[in-house]
Each structure stands twice: as C-alpha cells, then as structure tokens.
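Participant: Pasting a structure here, questions to come.
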Amino acid sequence: MSNSQNGVQLSVAGKVALITGGSRGIGAATVKMFCTAGAKVVFNYQKAKAAADRVIAECGTDVCAIQSDLASPREAEKLIKTVVSNFGRLDFLVANHGIWPPEDAPIDQMTDEQWRQTIAVNLDSVFGLIKHSVAQMKLQGRSAGQAAGRIVIISSTAGQRGEAFHCDYAASKGAVISMVKGLSTELARDGIYVNCVAPGWVATDMAAPALANPKTRDRVFGTIPLGRVGKPEEIAAPILFLCTEHAGFITGEILNVNGGAVLVG
C-alpha cells in the first residue's frame, strides 16, 4: 500500500496513534494506512479478536491491539494509559468506534436501553477519550513548529441532517460535531488540532445488513450522487491527511466524505 501520489508523501513517521474500533472496516483501513505512513499504532477491539490479529499480521511490529469495551469515560481512560505505557506518548487520537442499531426504531417505540447504550458508546466514551488524550498531549507539550497533538473524530452525515428512525445515532453523531467545533478553538492555543471526518454509507460490517436488503440498497444508492457506497480506504486517507503537517492550517473542520450525499439527502 502506498500513500504517496504526485510526489506528495503523507508521513507520520515516529508518531504514536490511538485508533479506536480498529479491527474492521474504516478502523482497520485506518490502522493499516497509519502504519504504512510510519506511525506506531494502538487500536482497540471489542469482540473481533481474530480480525484484530489479522490486522496486526499485516502491519508488523509497531502495532498493538487492546481488547476494550468502550462504553464509558472510565474505559477510555484505561485505554489512553495503555497507549502511553506501551509507546511513551500519544500524538494522534482517532475516535472511530461506534454503534448503529440497524433496526428502525420510531421515537415512541425506542427503548430507554437502546438510547442509553448508543449515547454511552458513541458519545460518553468519546468524551473520555478526548479528555484523557488532551491531558497527555498537554503534558507532552509542543516543539517548535510542531503540533502538540491531533484529534480526529468520526461522525456521519446523520450527525448533520438527522436520520429518521435512528434519532439515537443521529443525536450522538451531531453531538461530536459540536464538540469538534468548540474544542478546536479551546485547544488551538495548546497546539492541539481537532477535526472531524463525516462519512456517508461505507461498505463495512455495520452497513452490511442494510446494504444486503435490495429495497434498502436501492434507496441508499438513490441518495448518493456518485452512485455507490464508499470504500473504507476512502475514509482512512482523509483521516491520515488531517494528522499530517499538510493539514497544518486546518482545525475545527467537518470533512464530508460521502459521495455528495449530504448535499441532496
């Protein structure tokens, strides 16, 4: 895998990244791309140990997988401590993990348990990850001309325009967009960049049940001007870019990677 084109090299050599949800889909593609670009990477997985082992086998020695059920700020703190213990520092946080309950749930029928679980995984744990990552990045400080740290949060088109029958997911993804906007100004003086990548439909395990249904698939494709869903690597590359020095004047940005869907949906 190469991440250079037309003479521009996306390098994060010598940096340490934490990428959550890194065993499959967008997360796995991001782990591989960061490793190719020279980073040392820690990623977490919840249950998919075999998939995590395959990612490690592809990436080599400078990658570490940690089993972690990210459903609270406390679990997030443990994960940050593990990263620092393994590699001595933390330069990048990519908060990629999340859940999307696939069954439609009208608001008057959505269970309290579903709401709490979605918010816990998609929002509460992200708060914990950012809180403890920022503390570590501030402790490390910044060297001349260098960022103290870079944070990329993965949101969704649903976080910007909502999603009928999935208000729990849309609310959680909209909340992280607001966090990015506020934190980018709060942390700029500390040399910490905060940005967001917002995918649309991507060919991942999470989207597979919906895309396997011909009726749903046709409806999804009809909302995407480019006429297809994204590939995980097409989301991973913008994430990597935002962690390089080429993005040195970008913070507080919501980078849509959705084939134009957010404009017409």
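Letters for chains follow the order of the structure tokens (A, B, ...), residue numbers begin at 1 for each chain, and ligand numbers begin at 1 in the order shown.
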Between region 151-181 of chain A and region 123-129 of chain A, at 9 Å or less, what are the per-residue closest atom pairs and their distances in Å? Count only C-alpha atoms, order by chain and rising residue number, and return it as a tab-separated table.

Facilitator:
residue	atom	partner	partner_atom	distance
A:Ile153	CA	A:Val126	CA	8.3
A:Ser172	CA	A:Leu123	CA	5.6
A:Lys173	CA	A:Leu123	CA	7.7
A:Ala175	CA	A:Leu123	CA	7.4
A:Val176	CA	A:Leu123	CA	6.8
A:Met179	CA	A:Phe127	CA	8.7

Participant: Keeping only C-alpha atoms, write the selected residues to a file as an mmCIF file, in the first residue's frame.

Facilitator:
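Contents of again24.cif, freshly written:
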data_model
loop_
_atom_site.group_PDB
_atom_site.id
_atom_site.type_symbol
_atom_site.label_atom_id
_atom_site.label_comp_id
_atom_site.auth_asym_id
_atom_site.auth_seq_id
_atom_site.Cartn_x
_atom_site.Cartn_y
_atom_site.Cartn_z
ATOM 1 C CA ILE A 153 -13.455 12.280 15.468
ATOM 2 C CA SER A 172 -24.719 11.104 19.205
ATOM 3 C CA LYS A 173 -23.032 11.973 15.910
ATOM 4 C CA ALA A 175 -23.040 15.970 19.454
ATOM 5 C CA VAL A 176 -19.488 15.039 18.480
ATOM 6 C CA MET A 179 -17.583 19.004 20.410
#

Participant: Write out as a ChimeraX atom specification which residues come within 10 Å of Leu263 (chain A) when counting only C-alpha atoms, dropping same-chain ones fewer than 5 positions away.

Facilitator: /A:157,161,223-225,256,258

Participant: Which is closest to Ala207 (chain A) among A:Pro73, A:Gly25, A:Gly88, A:Gly159, if we use only C-alpha atoms?

Facilitator: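 Between A:Pro73, A:Gly25, A:Gly88, A:Gly159, the residue approaching Ala207 (chain A) most closely is A:Gly25.
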
Participant: Which of these residues is nearest to Ala203 (chain A), using only C-alpha atoms: A:Glu245, A:Leu183, A:Arg217, A:Leu70?

Facilitator: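 Ranked by minimum distance to Ala203 (chain A), first place goes to A:Arg217.
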
Participant: Excluding Gln109 (chain A) and any residue of its chain fewer than 4 positions from it, enumerate the residues within 10 Å of it, using only C-alpha atoms, and give them as a JSON list (two decimals) with C-alpha atoms, in the first residue's frame.

Facilitator:
[["chain", "number", "residue", "atom", "x", "y", "z"],
["A", 104, "ASP", "CA", -35.70, 1.14, 12.55],
["A", 105, "ALA", "CA", -36.94, 2.46, 15.90],
["A", 165, "PHE", "CA", -35.95, 6.16, 12.99]]

Participant: Provide the CA of Arg189 (chain A) to CA of Gln140 (chain A) distance in Å, to one decimal place.

Facilitator: 14.4 Å
